[in-house]
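Visitor: Sharing a structure here in structure tokens format.
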Amino acid sequence: MEKGKGVMGSGRRWAVDFSDNSTAPSSRDIPDPPGFTRASVDQDDSNLTRQKKDAEANWKAQKAWEVAQTPFKNLLMMGFMMWMAGSTVHLFSIGITFSALWQPISALQGVGKVFEPYKDNKVDLLGPKLLFIALNLGGLALGVWKLNTLGLLPTHASDWVSSLSPAQEVEYSGGGISLQ
Amino acid sequence: MAIRSFLILFLLFFLSSLHPILSLYEDQVGLMDWHEQYIGKVKQAVFHTHKTGRKRVVVSTEENVIASLDLRHGEIFWRHVLGPTDVIDGIDVALGKYVITLSSGGSVLRAWNLPDGQMVWESTLQGPKHSKSLLLVPTNLKIEKDNVVLVFSYGRLNAVSCTDGEVLWKKDFEAESLEVQQVIQCPSSDLVYIVGFAASSQFEMYQIDASNGELLKHESAAFSGGFLGEVSLVSSETIVALDSTGSILLTISFRNGKISFQQIPISNLVEDSLGPAVIIPSSVTGIFAIKMNAITMFIRVMGEGKLEVVEKTNHETSVSDALPISEGQQAFALIQHAGSEIHLTVKLAHDWDGNLLKESIKMDQQRGLVHRVFINNYIRTDRSYGFRVLIVMEDHSLLLLQQGAIVWSREDGLASIIDVTTSELPVEKDGVSVAKVEHNLFEWLKMLFFFLEGHMLKLKGTLMLASPEDIAAIQSMRLKGSEKSKMTRDHNGFRKLLIALTKAGKLFALHTGDGHIVWSHLLQSLHKSEACQHPIGLNLYQWQVPHHHAMDENPSVLVVSKCGPSSDISGVLSFVDTYTGKELGSLTLVHSIVQVIPLPYTDSTEQRLHLLIDADKHAHLYPKTPEAIDIFQHEFSNIYWYSVEDDNGIIKGHVLKSKCTGEVADEFCFDTRELWSIVFPSESEMIIASVTRKSNEVVHTQSKVIADQDVMYKYISRNLLFVATVAPKASGKIGCVTPEESWLVVYLIDTVTGRILHRVTHHGSQGPVHAVFSENWVVYHYFNLRAHRYEMSVIEIYDQSRADNKDVWKLVLGKHNLTSPISSYSQPEVITKSQSYFFTHSLKAIAVTSTAKGITSKQLLIGTVGDQVLALDKRFLDPRRSVNPTQAEKEEGIIPLTDSLPIIPQSYVTHSLKVEGLRGVITVPAKLESTTLVFAYGVDLFFTQLAPSRTYDSLTEDFSYALLLITIVALVAAIFVTWILSEKKELQEKWR
């Protein structure tokens, strides 16, 4: 792949820069046409961009909330799967449970990444993030609950005493029917 | 992926399937098990060496076995093991095709077909009173063209037809108090003499016409001196007896119905008096033998009642019966011991000084003395007579001597094992010397060759290219397996030594791999001696089991025996090294032994402390070392002992009091004091069984997790005793009492405090009771008279005082008292659960599997009446079984309750074999947790390995390593090929 990129780079002979550099200072070398006042355009332009930015921020905030809610669907899905898996320990139920545990954990690890595209100083991401975390924690709790119902968590007395060796006896007694 | 998960699921299902099948494939028989057939000490032997057909010898033994042995190799052609009460009184061959046996005190007469051992007929003989039973197969005696067998039993003489077992005539001798001694057939006539003693000083002679049973003559003569023991027949009309003091020889002649006595004091024959004499029973014409202390004398009977001593020897001597060789000539064999050799002499009866045969044979000292001799002749190619002799040794082994050599030998002492214990094998020592390697290079190359050849064969087998011969070769190679009979310890602990003490006082070490005898040792301490007249071997105990010094110290066993049948006779201890079989030492004790208690303490040399209780209830500590006494003093107040006195129905608990006082005062003797006693009312209860846990049993856990994650605490105590009592009326055979008169009461008793933890009465039930105690449960087997069936019951004991230990946090933090030492005096509250089931078989023995850590689930090993060993999962005897178990209980593995226990034919651990005369089953844990070693003994021996929960910790023997290797190689190859292919493809993509 690296090689391929190299080939393409060296094969470039010419290029057109389509970027609008009308506002760039470098384009100021060319004088404005007569009757053109840059100031008004600049003003208009800034108005327009502000509006645009607001819209974008709104959109981002909205998207962030949407993203924050995605684990909910997952949660329902997981719940359904768990119900399907039943409460006996076998391969399927274990697989489901561990995926139910793994998904929220991996999601929580990548919380920053998930909300990266919506990062904006105008957008408050705390709310969506908290929701996202809460929902994932909910998923995790569901997974743990499932693990418990499968009996894989040491929450019972039996889990702690099942390998407890018998207590020593103080007295020793032997004997029986006399040898014939 | 889908296939893989399916496979794993399938595997899980397979592993968790409810009925683990224990059965073997046909080709697995003999891989881990071995079976050895024995017959016991031979009592009587009859040769059958006609020109046609195979040469054989028919023997009857003290283990009530009749067997036909191959005279060439000593192998068993056929064999019948009669019941323990069916003692064989006599055997003979009739008509040249039937083996006639008289057994059960003369009440059962059977005929067996000689070639194949099928029973031809059986007849039951009754009579007015008990008497000695004698069997006589007369030659040429015919009643209406029917050959007859004469049987004297129960005071009655019966003539029985040879062909169908019908009683042709019978003659009672009930009026007289006759003690019959001999039934003698007159040669060349149909007359039969019956001679015996009456009222201890009367000699009686009856002459009977054998064709119709008519009494022809009855004579009697009184002899004031009385008679002693056996008589010896010196001719068809003369017998020799001893008077009651054993000092006068009586020659009794009854020629033509006239009785005449000839008295000759033994002192007339020999100058020095040697104490009372005993007649060695034999039937050689004109010669008889007597024994006085260690001196054996052969005495010839001359005409007119004159006697002449022909030989006097102080060597141990045995004599065979007479063997007619040609008309009027009789030969007999004589065996004398001389150091490490035995001298075999064959003489003619009328010619003492001439020898037909004289041979010296080197004899293993460990076989002891010759006890019985049986002689047989054959005609050599040069038309002279050759003789072969079958001898029975002190250790019960059977040997055939011919032409000055031992042709074959059988170790039949192993048919009467008293006790078995196990011992580890030596640890494999590293570093083989160079010389050995050089020496073995050739051997090694040979081995390599065999190894390669073997692998080629195996490969053929797996590829299904093998011919039937190849398959047989593969099978024999699998069975031989050089690994399994190696003389060193193995990693899995499958290779051990089984140390067996036999009735003959011989100790055998058998290798668990293939059952071969590693060493055998006739114990000197169990040899008859001045101090110890009738030594009886009692038990075996593990004396020293080195773990820390396993490399440089050998384990040893303690053999406990006593000098006679009474309880207050002095005991004998001997210590035997289990690697070499050397007797390290023996002690003839001043005190008796009624109990041996191995204590749970060992000294610094890892010798186990043993407490021996004598008849006066003194406790003696062994080994007698200061160190032992130090250890013992430390635990002094915690050592108790109990005695079950089954004859008067009392169980007593005792505690050690102080050092002995009085005449037997020594540092290692302790007085004991009675602490408690349980007296069973003698009119309603009689002890018939008592069982405790095996002292070396390992229990993994004290808790039992039941459905819904709940926990129950087992009541695990070594000091629990199971006792079963029955109504005294019902102690007899099944069917002699009504259900109303019969009951069975079982008790669980704490042997420290005497507290009865549990008591349950089974009304309408009776013994015999067989029980096994393990962990916190006891399983017992008895007969239910109401249901007319055998039943098995289980009792499980749980500790209720621990039941409230349910707080998880306390358990997590370790704030509980579950592991603190417990005392029987704390009297914990217990609850019991029990259940009963019908069981089809009656039992001979019962045992339970034991494993190294006690994690593996248990199986009961049931020695059935058919002499097989059946493995029954303990889960079938679970008191929590119910008719409709809940889902959770099902998951736990509880089987729905049924009224009877299933007998799954595949779960016979002895598969198609029988352990004839089964008497005991022992289990020994292997090092591998899943596996236990099982040894069943009786007349036969059987050994196998069992894995009650399958071999979850090792790959099975038939695991295909080759397949695994091939799969790995194939996978690696596939990875490489696909990698190369993908590289190529990618390159092509890029060039596009």
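Order determines the names: the first chain of the structure tokens is A, the second B, and so forth; residues in each chain are numbered 1 upward, and ligands are numbered 1 upward as they are shown.
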Extract, using only C-alpha atoms, all DNA, RNA and protein residues at most 10 Å from Ser824 (chain B), discarding same-chain residues fewer than 2 positions from it, and format them as number ranges by chain.

Guide: A: 169-172; B: 717, 719, 750-755, 822, 826-828

Visitor: Next, the residues of the selection above should be written as an mmCIF file, in the first residue's frame with N, CA, C and O atoms.

Guide:
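Contents of out_22.cif, freshly written:
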data_model
loop_
_atom_site.group_PDB
_atom_site.id
_atom_site.type_symbol
_atom_site.label_atom_id
_atom_site.label_comp_id
_atom_site.auth_asym_id
_atom_site.auth_seq_id
_atom_site.Cartn_x
_atom_site.Cartn_y
_atom_site.Cartn_z
ATOM 1 N N GLU A 169 -9.905 -32.952 63.825
ATOM 2 C CA GLU A 169 -10.549 -33.418 65.038
ATOM 3 C C GLU A 169 -9.536 -33.451 66.166
ATOM 4 O O GLU A 169 -8.373 -33.778 65.952
ATOM 5 N N VAL A 170 -9.998 -33.138 67.327
ATOM 6 C CA VAL A 170 -9.093 -33.104 68.476
ATOM 7 C C VAL A 170 -8.812 -34.525 68.955
ATOM 8 O O VAL A 170 -7.682 -34.923 69.152
ATOM 9 N N GLU A 171 -9.877 -35.334 69.074
ATOM 10 C CA GLU A 171 -9.717 -36.672 69.633
ATOM 11 C C GLU A 171 -9.442 -37.673 68.521
ATOM 12 O O GLU A 171 -9.821 -37.480 67.372
ATOM 13 N N TYR A 172 -8.811 -38.752 68.915
ATOM 14 C CA TYR A 172 -8.624 -39.861 67.990
ATOM 15 C C TYR A 172 -9.068 -41.126 68.705
ATOM 16 O O TYR A 172 -8.705 -41.388 69.840
ATOM 17 N N SER B 717 -16.401 -37.200 60.566
ATOM 18 C CA SER B 717 -15.654 -37.554 61.768
ATOM 19 C C SER B 717 -15.065 -38.939 61.572
ATOM 20 O O SER B 717 -15.713 -39.824 61.022
ATOM 21 N N ASN B 719 -14.302 -40.675 64.060
ATOM 22 C CA ASN B 719 -14.672 -41.433 65.246
ATOM 23 C C ASN B 719 -16.124 -41.866 65.199
ATOM 24 O O ASN B 719 -16.819 -41.855 66.203
ATOM 25 N N ASP B 750 -20.732 -42.221 68.190
ATOM 26 C CA ASP B 750 -19.467 -41.506 68.313
ATOM 27 C C ASP B 750 -18.596 -42.309 69.280
ATOM 28 O O ASP B 750 -18.987 -42.530 70.427
ATOM 29 N N THR B 751 -17.435 -42.719 68.814
ATOM 30 C CA THR B 751 -16.649 -43.643 69.635
ATOM 31 C C THR B 751 -15.800 -42.931 70.686
ATOM 32 O O THR B 751 -15.130 -43.588 71.466
ATOM 33 N N VAL B 752 -15.821 -41.601 70.697
ATOM 34 C CA VAL B 752 -15.094 -40.898 71.757
ATOM 35 C C VAL B 752 -15.996 -40.741 72.977
ATOM 36 O O VAL B 752 -15.614 -41.046 74.100
ATOM 37 N N THR B 753 -17.216 -40.297 72.721
ATOM 38 C CA THR B 753 -18.117 -40.003 73.832
ATOM 39 C C THR B 753 -19.169 -41.085 74.055
ATOM 40 O O THR B 753 -19.849 -41.077 75.072
ATOM 41 N N GLY B 754 -19.319 -41.968 73.096
ATOM 42 C CA GLY B 754 -20.362 -42.984 73.229
ATOM 43 C C GLY B 754 -21.743 -42.480 72.908
ATOM 44 O O GLY B 754 -22.732 -43.162 73.159
ATOM 45 N N ARG B 755 -21.814 -41.306 72.337
ATOM 46 C CA ARG B 755 -23.106 -40.716 72.000
ATOM 47 C C ARG B 755 -23.693 -41.409 70.771
ATOM 48 O O ARG B 755 -22.976 -41.636 69.788
ATOM 49 N N ILE B 822 -12.328 -29.409 65.832
ATOM 50 C CA ILE B 822 -13.567 -29.690 66.552
ATOM 51 C C ILE B 822 -13.367 -30.863 67.491
ATOM 52 O O ILE B 822 -12.544 -31.740 67.261
ATOM 53 N N SER B 826 -18.046 -31.311 71.986
ATOM 54 C CA SER B 826 -18.898 -30.158 71.700
ATOM 55 C C SER B 826 -20.301 -30.607 71.289
ATOM 56 O O SER B 826 -21.201 -29.793 71.204
ATOM 57 N N GLN B 827 -20.468 -31.869 71.054
ATOM 58 C CA GLN B 827 -21.762 -32.463 70.742
ATOM 59 C C GLN B 827 -22.545 -31.682 69.698
ATOM 60 O O GLN B 827 -23.611 -31.153 69.982
ATOM 61 N N PRO B 828 -22.025 -31.615 68.504
ATOM 62 C CA PRO B 828 -22.740 -30.845 67.479
ATOM 63 C C PRO B 828 -24.097 -31.468 67.143
ATOM 64 O O PRO B 828 -24.270 -32.682 67.235
#

Visitor: Name all residues at most 8 Å from Phe374 (chain B) (count only C-alpha atoms; drop same-chain ones fewer than 5 positions away) and give them as a ChimeraX atom specification.

Guide: /B:45,320-321,333,389-391

Visitor: Using Å and a single decimal, report how far CA of Leu95 (chain B) sits from CA of Asp146 (chain B).

Guide: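 Pair CA of Asp146 (chain B) / CA of Leu95 (chain B) returns 10.3 Å.
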
Visitor: Any idea which chain B residues end up within 6 Å of chain A if we count only C-alpha atoms, as a PyMOL selection string please?

Guide: chain B and resi 594-595+597+638-644+700-703+705+709+711+719+806+808+819-823

Visitor: Store the residues picked out above, limited to C-alpha atoms, as a PDB file, in the first residue's frame.

Guide:
ATOM      1  CA  VAL B 594      -6.821 -58.203  70.573  1.00  0.00           C
ATOM      2  CA  GLN B 595      -6.695 -54.828  68.860  1.00  0.00           C
ATOM      3  CA  ILE B 597      -4.773 -49.255  66.464  1.00  0.00           C
ATOM      4  CA  ASN B 638      -6.777 -37.264  73.126  1.00  0.00           C
ATOM      5  CA  ILE B 639      -6.382 -40.962  72.401  1.00  0.00           C
ATOM      6  CA  TYR B 640      -9.343 -43.213  72.973  1.00  0.00           C
ATOM      7  CA  TRP B 641     -10.187 -46.728  71.974  1.00  0.00           C
ATOM      8  CA  TYR B 642     -13.321 -48.781  71.827  1.00  0.00           C
ATOM      9  CA  SER B 643     -14.139 -52.442  71.713  1.00  0.00           C
ATOM     10  CA  VAL B 644     -17.105 -54.109  70.084  1.00  0.00           C
ATOM     11  CA  HIS B 700     -11.850 -32.979  49.903  1.00  0.00           C
ATOM     12  CA  THR B 701     -14.472 -30.699  51.385  1.00  0.00           C
ATOM     13  CA  GLN B 702     -16.731 -30.389  54.369  1.00  0.00           C
ATOM     14  CA  SER B 703     -19.584 -28.803  52.488  1.00  0.00           C
ATOM     15  CA  VAL B 705     -23.473 -27.609  47.524  1.00  0.00           C
ATOM     16  CA  GLN B 709     -26.488 -22.571  45.577  1.00  0.00           C
ATOM     17  CA  VAL B 711     -24.889 -25.402  51.169  1.00  0.00           C
ATOM     18  CA  ASN B 719     -14.672 -41.433  65.246  1.00  0.00           C
ATOM     19  CA  LYS B 806     -24.177 -18.396  55.297  1.00  0.00           C
ATOM     20  CA  VAL B 808     -20.892 -14.285  52.278  1.00  0.00           C
ATOM     21  CA  THR B 819     -11.715 -24.768  59.896  1.00  0.00           C
ATOM     22  CA  SER B 820     -11.013 -24.622  63.604  1.00  0.00           C
ATOM     23  CA  PRO B 821     -10.445 -28.035  65.231  1.00  0.00           C
ATOM     24  CA  ILE B 822     -13.567 -29.690  66.552  1.00  0.00           C
ATOM     25  CA  SER B 823     -14.078 -31.905  69.515  1.00  0.00           C
TER      26      SER B 823
END

Visitor: Show me, as a list of chain:residue names, the residues that have an atom within 8 Å of Arg367 (chain B) when counting only C-alpha atoms, minus same-chain residues fewer than 2 positions from it.

Guide: B:Met363, B:Asp364, B:Gln365, B:Leu369, B:Met393, B:Glu394, B:Asp395, B:Ser397, B:Leu522

Visitor: Within 10 Å of Thr422 (chain B), counting only C-alpha atoms, which residues qualify if same-chain residues fewer than 3 places away don't, as a VMD selection string?

Guide: chain B and resid 425 496 to 500 509 to 512 540 to 542 557 578 922 to 924

Visitor: Can you work out the spacing between CA of Ile418 (chain B) and CA of Asn539 (chain B) in Å, to one decimal?

Guide: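 Atom-to-atom, CA of Ile418 (chain B) and CA of Asn539 (chain B) are spaced 7.2 Å apart.
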
Visitor: Given the choices B:Gln859, B:Ser247, B:Phe632, B:Thr956, which gets closest to Gly275 (chain B) if the distance is worked out from only C-alpha atoms?

Guide: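 Nearest candidate to Gly275 (chain B) out of B:Gln859, B:Ser247, B:Phe632, B:Thr956: B:Ser247.
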
Visitor: Excluding same-chain residues fewer than 4 positions from Leu589 (chain B), what lies within 10 Å of it counting only C-alpha atoms, as a tab-separated table (two decimals) with N, CA, C and O atoms, in the first residue's frame?

Guide:
chain	number	residue	atom	x	y	z
B	562	LYS	N	-0.72	-64.20	65.87
B	562	LYS	CA	-0.73	-64.70	67.24
B	562	LYS	C	-0.50	-66.19	67.25
B	562	LYS	O	-0.61	-66.86	66.23
B	563	CYS	N	-0.19	-66.72	68.41
B	563	CYS	CA	0.32	-68.08	68.51
B	563	CYS	C	-0.75	-69.14	68.61
B	563	CYS	O	-0.44	-70.31	68.73
B	569	ILE	N	-3.58	-65.60	74.06
B	569	ILE	CA	-2.28	-66.19	73.74
B	569	ILE	C	-1.37	-65.09	73.19
B	569	ILE	O	-1.85	-64.09	72.66
B	570	SER	N	-0.07	-65.27	73.34
B	570	SER	CA	0.83	-64.16	73.02
B	570	SER	C	0.89	-63.89	71.52
B	570	SER	O	0.70	-64.78	70.69
B	571	GLY	N	1.13	-62.65	71.20
B	571	GLY	CA	1.14	-62.20	69.81
B	571	GLY	C	2.55	-62.15	69.25
B	571	GLY	O	3.53	-62.18	69.98
B	572	VAL	N	2.62	-62.07	67.94
B	572	VAL	CA	3.91	-61.98	67.26
B	572	VAL	C	3.84	-60.83	66.26
B	572	VAL	O	2.86	-60.69	65.54
B	573	LEU	N	4.87	-60.02	66.26
B	573	LEU	CA	4.95	-58.95	65.27
B	573	LEU	C	6.15	-59.24	64.38
B	573	LEU	O	7.20	-59.65	64.85
B	593	ILE	N	-2.65	-59.94	71.71
B	593	ILE	CA	-3.11	-58.83	70.86
B	593	ILE	C	-4.59	-59.05	70.56
B	593	ILE	O	-4.96	-60.05	69.96

Visitor: What does the distance from CA of Leu611 (chain B) to CA of Ala689 (chain B) come to in Å, to one decimal?

Guide: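 Atom-to-atom, CA of Leu611 (chain B) and CA of Ala689 (chain B) are spaced 23.3 Å apart.
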
Visitor: Which residues are near Ser658 (chain B)? Cut-off 8 Å, only C-alpha atoms, ignore same chain within fewer than 5 positions. Put them as a PDB file with N, CA and C atoms, in the first residue's frame.

Guide:
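Output contents, as saved in result-v9.pdb:
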ATOM      1  N   PHE B 670       0.414 -48.968  78.978  1.00  0.00           N
ATOM      2  CA  PHE B 670      -0.489 -48.012  79.628  1.00  0.00           C
ATOM      3  C   PHE B 670      -1.754 -48.709  80.097  1.00  0.00           C
ATOM      4  N   ASP B 671      -2.201 -48.293  81.276  1.00  0.00           N
ATOM      5  CA  ASP B 671      -3.490 -48.783  81.761  1.00  0.00           C
ATOM      6  C   ASP B 671      -4.601 -47.994  81.085  1.00  0.00           C
ATOM      7  N   THR B 672      -5.738 -48.633  80.944  1.00  0.00           N
ATOM      8  CA  THR B 672      -6.868 -47.912  80.362  1.00  0.00           C
ATOM      9  C   THR B 672      -8.055 -48.000  81.311  1.00  0.00           C
TER      10      THR B 672
END

Visitor: Set the distance at 10 Å and use only C-alpha atoms: which residues neighbour Met77 (chain A) once local chain neighbours fewer than 6 positions away are removed? I'd like the list as a PDB file with C-alpha atoms, in the first residue's frame.

Guide:
ATOM      1  CA  PRO A  71     -26.313   1.881  23.650  1.00  0.00           C
ATOM      2  CA  TRP A  83     -33.629 -13.904  27.619  1.00  0.00           C
ATOM      3  CA  ALA A 100     -22.658  -8.237  26.907  1.00  0.00           C
TER       4      ALA A 100
END
